[in-house]
Structures are given as structure tokens and as C-alpha cells.
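Trainee: File follows, data.cif with mmCIF, C-alpha atoms:
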```cif
data_my_file
#
loop_
_atom_site.group_PDB
_atom_site.id
_atom_site.type_symbol
_atom_site.label_atom_id
_atom_site.label_comp_id
_atom_site.auth_asym_id
_atom_site.auth_seq_id
_atom_site.Cartn_x
_atom_site.Cartn_y
_atom_site.Cartn_z
ATOM 1 C CA MET A 1 -0.149 197.813 64.151
ATOM 2 C CA SER A 2 -0.363 200.100 67.175
ATOM 3 C CA THR A 3 0.261 198.771 70.638
ATOM 4 C CA PRO A 4 0.267 200.527 73.999
ATOM 5 C CA GLU A 5 3.967 199.671 74.257
ATOM 6 C CA ALA A 6 4.717 201.345 70.924
ATOM 7 C CA LEU A 7 2.860 204.509 71.922
ATOM 8 C CA GLU A 8 4.643 204.563 75.284
ATOM 9 C CA ALA A 9 8.010 204.174 73.526
ATOM 10 C CA VAL A 10 7.113 206.933 71.041
ATOM 11 C CA GLN A 11 6.226 209.232 73.934
ATOM 12 C CA ALA A 12 9.532 208.430 75.658
ATOM 13 C CA ALA A 13 11.431 209.158 72.439
ATOM 14 C CA LEU A 14 9.503 212.396 72.058
ATOM 15 C CA ALA A 15 10.377 213.438 75.610
ATOM 16 C CA ALA A 16 14.044 212.651 74.918
ATOM 17 C CA GLU A 17 13.926 214.713 71.735
ATOM 18 C CA HIS A 18 12.415 217.657 73.632
ATOM 19 C CA ALA A 19 15.295 217.386 76.118
ATOM 20 C CA ALA A 20 17.864 217.094 73.316
ATOM 21 C CA VAL A 21 16.530 220.222 71.597
ATOM 22 C CA TYR A 22 16.836 222.081 74.898
ATOM 23 C CA GLY A 23 20.290 220.633 75.553
ATOM 24 C CA TYR A 24 21.577 221.587 72.137
ATOM 25 C CA GLY A 25 20.549 225.165 72.898
ATOM 26 C CA VAL A 26 23.055 225.017 75.743
ATOM 27 C CA VAL A 27 25.645 223.211 73.609
ATOM 28 C CA GLY A 28 25.312 225.824 70.878
ATOM 29 C CA GLY A 29 25.930 228.618 73.370
ATOM 30 C CA ARG A 30 29.183 227.091 74.615
ATOM 31 C CA ILE A 31 30.636 225.098 71.739
ATOM 32 C CA GLY A 32 33.636 226.538 69.957
ATOM 33 C CA ASP A 33 33.421 228.039 66.492
ATOM 34 C CA ASP A 34 35.110 224.961 65.027
ATOM 35 C CA ARG A 35 32.165 222.700 66.012
ATOM 36 C CA GLU A 36 29.304 225.187 65.764
ATOM 37 C CA GLY A 37 28.150 223.771 62.424
ATOM 38 C CA GLU A 38 27.882 220.264 63.905
ATOM 39 C CA ALA A 39 25.887 221.569 66.849
ATOM 40 C CA THR A 40 23.536 223.459 64.535
ATOM 41 C CA ALA A 41 23.016 220.367 62.365
ATOM 42 C CA ALA A 42 22.343 218.176 65.416
ATOM 43 C CA TYR A 43 19.879 220.733 66.785
ATOM 44 C CA ALA A 44 18.008 220.759 63.470
ATOM 45 C CA ALA A 45 18.005 216.944 63.310
ATOM 46 C CA HIS A 46 16.515 216.667 66.798
ATOM 47 C CA ARG A 47 13.865 219.280 66.015
ATOM 48 C CA ALA A 48 12.870 217.328 62.905
ATOM 49 C CA ARG A 49 12.705 214.041 64.852
ATOM 50 C CA ARG A 50 10.689 215.741 67.581
ATOM 51 C CA ASP A 51 8.180 217.056 65.056
ATOM 52 C CA ALA A 52 7.886 213.635 63.382
ATOM 53 C CA LEU A 53 7.347 211.922 66.749
ATOM 54 C CA GLU A 54 4.579 214.370 67.620
ATOM 55 C CA ARG A 55 2.792 213.331 64.416
ATOM 56 C CA THR A 56 3.451 209.656 65.159
ATOM 57 C CA ALA A 57 2.032 209.945 68.669
ATOM 58 C CA ARG A 58 -1.142 211.469 67.214
ATOM 59 C CA ASP A 59 -1.311 208.787 64.514
ATOM 60 C CA LEU A 60 -1.141 206.138 67.258
ATOM 61 C CA GLY A 61 -4.062 207.768 69.075
ATOM 62 C CA GLY A 62 -2.084 209.596 71.736
ATOM 63 C CA THR A 63 -1.600 213.184 72.762
ATOM 64 C CA PRO A 64 2.046 214.105 72.151
ATOM 65 C CA ALA A 65 4.101 214.652 75.291
ATOM 66 C CA ALA A 66 4.687 218.355 75.843
ATOM 67 C CA ALA A 67 8.113 219.867 76.317
ATOM 68 C CA ALA A 68 9.090 221.038 79.766
ATOM 69 C CA ALA A 69 9.884 224.709 80.297
ATOM 70 C CA ALA A 70 13.439 223.733 81.240
ATOM 71 C CA TYR A 71 15.516 220.616 81.808
ATOM 72 C CA ALA A 72 18.125 219.814 84.442
ATOM 73 C CA LEU A 73 21.509 219.299 82.855
ATOM 74 C CA PRO A 74 23.600 216.349 84.078
ATOM 75 C CA PHE A 75 26.514 218.684 84.884
ATOM 76 C CA ALA A 76 27.524 222.331 84.583
ATOM 77 C CA VAL A 77 28.416 223.481 81.072
ATOM 78 C CA PRO A 78 30.777 226.439 81.517
ATOM 79 C CA ASP A 79 32.936 225.903 78.419
ATOM 80 C CA ALA A 80 33.392 224.165 75.072
ATOM 81 C CA ALA A 81 34.827 220.973 76.607
ATOM 82 C CA ALA A 82 31.757 220.553 78.801
ATOM 83 C CA ALA A 83 29.517 221.330 75.806
ATOM 84 C CA LEU A 84 31.180 218.469 73.902
ATOM 85 C CA ARG A 85 30.533 216.102 76.804
ATOM 86 C CA LEU A 86 26.920 217.266 77.049
ATOM 87 C CA ALA A 87 26.349 216.679 73.335
ATOM 88 C CA ALA A 88 27.631 213.098 73.676
ATOM 89 C CA VAL A 89 25.402 212.494 76.717
ATOM 90 C CA LEU A 90 22.373 213.859 74.882
ATOM 91 C CA GLU A 91 22.996 211.519 71.968
ATOM 92 C CA ASP A 92 23.510 208.535 74.286
ATOM 93 C CA ARG A 93 20.201 209.251 76.003
ATOM 94 C CA VAL A 94 18.370 209.623 72.708
ATOM 95 C CA ALA A 95 19.920 206.375 71.437
ATOM 96 C CA GLY A 96 18.636 204.617 74.557
ATOM 97 C CA VAL A 97 15.021 205.579 73.992
ATOM 98 C CA TYR A 98 15.218 204.734 70.297
ATOM 99 C CA SER A 99 16.548 201.322 71.287
ATOM 100 C CA ASP A 100 13.374 200.874 73.333
ATOM 101 C CA LEU A 101 11.252 202.041 70.395
ATOM 102 C CA VAL A 102 12.949 199.556 68.062
ATOM 103 C CA ARG A 103 11.999 196.812 70.505
ATOM 104 C CA ALA A 104 8.386 198.007 70.928
ATOM 105 C CA ALA A 105 7.495 198.909 67.335
ATOM 106 C CA GLU A 106 6.918 197.041 64.109
ATOM 107 C CA GLY A 107 7.136 197.817 60.399
ATOM 108 C CA PRO A 108 7.971 201.337 59.230
ATOM 109 C CA LEU A 109 8.008 202.774 62.760
ATOM 110 C CA ARG A 110 10.579 200.193 63.808
ATOM 111 C CA ARG A 111 12.731 200.953 60.756
ATOM 112 C CA GLU A 112 12.539 204.687 61.450
ATOM 113 C CA ALA A 113 13.495 204.130 65.086
ATOM 114 C CA ALA A 114 16.492 202.067 63.974
ATOM 115 C CA VAL A 115 17.581 204.894 61.660
ATOM 116 C CA ALA A 116 17.227 207.405 64.504
ATOM 117 C CA LEU A 117 19.220 205.127 66.817
ATOM 118 C CA ARG A 118 22.003 204.861 64.248
ATOM 119 C CA GLU A 119 22.074 208.623 63.673
ATOM 120 C CA ALA A 120 22.288 209.327 67.415
ATOM 121 C CA ALA A 121 25.076 206.763 67.820
ATOM 122 C CA VAL A 122 27.065 208.310 64.972
ATOM 123 C CA ARG A 123 26.667 211.808 66.425
ATOM 124 C CA ALA A 124 27.745 210.520 69.851
ATOM 125 C CA VAL A 125 30.910 209.047 68.318
ATOM 126 C CA ARG A 126 31.659 212.333 66.581
ATOM 127 C CA TRP A 127 31.248 214.283 69.806
ATOM 128 C CA ARG A 128 33.051 211.799 72.044
ATOM 129 C CA GLY A 129 35.700 210.643 69.599
ATOM 130 C CA SER A 130 34.959 206.982 70.331
ATOM 131 C CA GLY A 131 32.029 204.604 70.216
ATOM 132 C CA VAL A 132 30.366 202.021 72.402
ATOM 133 C CA ALA A 133 29.791 198.372 71.563
ATOM 134 C CA PHE A 134 25.998 198.499 71.689
ATOM 135 C CA PRO A 135 24.647 202.040 71.249
ATOM 136 C CA GLY A 136 21.435 202.588 73.145
ATOM 137 C CA LEU A 137 22.135 199.840 75.659
ATOM 138 C CA ALA A 138 24.812 201.490 77.827
ATOM 139 C CA GLU A 139 22.390 202.473 80.595
ATOM 140 C CA ARG A 140 21.154 198.909 80.968
ATOM 141 C CA ALA A 141 24.701 197.676 81.566
ATOM 142 C CA THR A 142 24.920 199.839 84.698
ATOM 143 C CA GLY A 143 21.529 198.709 86.003
ATOM 144 C CA LYS A 144 19.717 202.011 85.386
#
```
Can the structure in the file be given as C-alpha cells, please?
Mentor:
Amino acid sequence: MSTPEALEAVQAALAAEHAAVYGYGVVGGRIGDDREGEATAAYAAHRARRDALERTARDLGGTPAAAAAAYALPFAVPDAAAALRLAAVLEDRVAGVYSDLVRAAEGPLRREAAVALREAAVRAVRWRGSGVAFPGLAERATGK
């Protein structure tokens, strides 16, 4: 079943995936050799999710949200330590929109959103070295 809320949540997830793909381009340029493989795998995972969400948006009757030419980063990324922080922030943001999609969707789309949420949360833990109690809900706790 398609609802306007589900399509809106898919579009938000797609926009977050576009931003994550862009952000991982920055991460990959700054991350140390020891974590380059992780960054490459995360980049590929976000590209695959982005492509799947574009198809889903079309299937739900929408026009997929286009990527921006560039995205503002939340902070400067001059070195590997900042790249690690950026990767964790990207995953937290993606987890947040997938949390919204889990709430808005039903059936297979909801299951897929839950899988994407879990994957983003696991990557965030790997980058940060620690987890959060409720992945995808951190922004709501601060009132954003």
C-alpha cells in the first residue's frame, strides 16, 4: 500500500543517501589507509541504497529527488580524525531518515527500511567506536 507519507519518507531517505554518497567522497579522500576499505564499502552500500530508493520512489508514483551539486558538511574535514567523525555523522543522519521510513511504510518497504536502519547504525558504531541506545532517534532527543 502506498501512502503520501511513505513516498515523502522515501524521498527523505533518498535525499539522505545522496548526501551520504557525497560525504563518503570526502571521507574517502581523508581517511587513513587502515580504514579505506571500510569507507569504500560504505560508499558502495549508500550508492546501492540510493539506486534502490530511486526505483522505489518511481514505484510509488513519485519522481525521485535529485542529488544536489554539492552539500554543506557539518564541519571541516582536514584529516583522518575528522573523516571518522564525518562518517559517523553521515550514518546517524541516514539512520534517522530510515527510522522515519520504518514508521511511515508497511510490508516489504518497512522491512527494507529496518534493514537499512540497522546497517547504518552498525556502520556508525564502527566509525565512532560506540553506539547509541536508539539509533535513528538521537535527533529527536535534542528537539531537532
Trainee: Name all residues at most 12 Å from segment 19-32 of chain A (count only C-alpha atoms; drop same-chain ones fewer than 3 positions away) and give them as a PyMOL selection string.
Mentor: chain A and resi 12-16+35-51+65-95+97+120+127
Trainee: Record the distance separating atom CA of Val102 of chain A and atom CA of Glu54 of chain A, expressed in Å with one decimal.
Mentor: 17.0 Å
Trainee: Mind pulling up the distance from atom CA of Pro64 of chain A to atom CA of Glu112 of chain A?
Mentor: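 One can read the atom CA of Glu112 of chain A to atom CA of Pro64 of chain A distance as 17.7 Å.
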Trainee: Write out as a short mmCIF file (atom, residue, chain, number, x, y, z; two decimals) with C-alpha atoms, in the frame of the given file which residues come within 9 Å of Glu5 of chain A when counting only C-alpha atoms, dropping same-chain ones fewer than 4 positions away.
Mentor:
```
data_model
loop_
_atom_site.label_atom_id
_atom_site.label_comp_id
_atom_site.auth_asym_id
_atom_site.auth_seq_id
_atom_site.Cartn_x
_atom_site.Cartn_y
_atom_site.Cartn_z
CA ALA A 9 8.01 204.17 73.53
CA VAL A 10 7.11 206.93 71.04
CA LEU A 101 11.25 202.04 70.40
CA ALA A 104 8.39 198.01 70.93
CA ALA A 105 7.50 198.91 67.33
#
```
Trainee: Just to confirm, what's the straight-line distance from atom CA of Gly129 of chain A to atom CA of Ala116 of chain A in Å (one decimal)?
Mentor: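 Taking atom CA of Gly129 of chain A as the start and atom CA of Ala116 of chain A as the end point, the length is 19.4 Å.
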Trainee: Just want the 8 Å neighbourhood of segment 113-115 of chain A, counted on all atoms listed in the file, with same-chain residues fewer than 3 positions away dropped. Output as a list of chain:residue names.
Mentor: A:Tyr98, A:Ser99, A:Leu101, A:Val102, A:Leu109, A:Arg110, A:Arg118, A:Glu119
Trainee: Taking all atoms of segment 62-76 of chain A that the file lists, what box with edges along x, y and z, padded by 5 Å per side, do you get, with centre and edge lengths in Å to one decimal, as JSON?
Mentor:
```
{"center_x": 12.7, "center_y": 217.2, "center_z": 78.3, "size_x": 39.6, "size_y": 25.1, "size_z": 23.1}
```
Trainee: For this file, the PyMOL selection byres ((chain A and resi 59) around 12) selects which residues, as a ChimeraX atom specification?
Mentor: /A:1-3,6-7,10,52-58,60-64,109
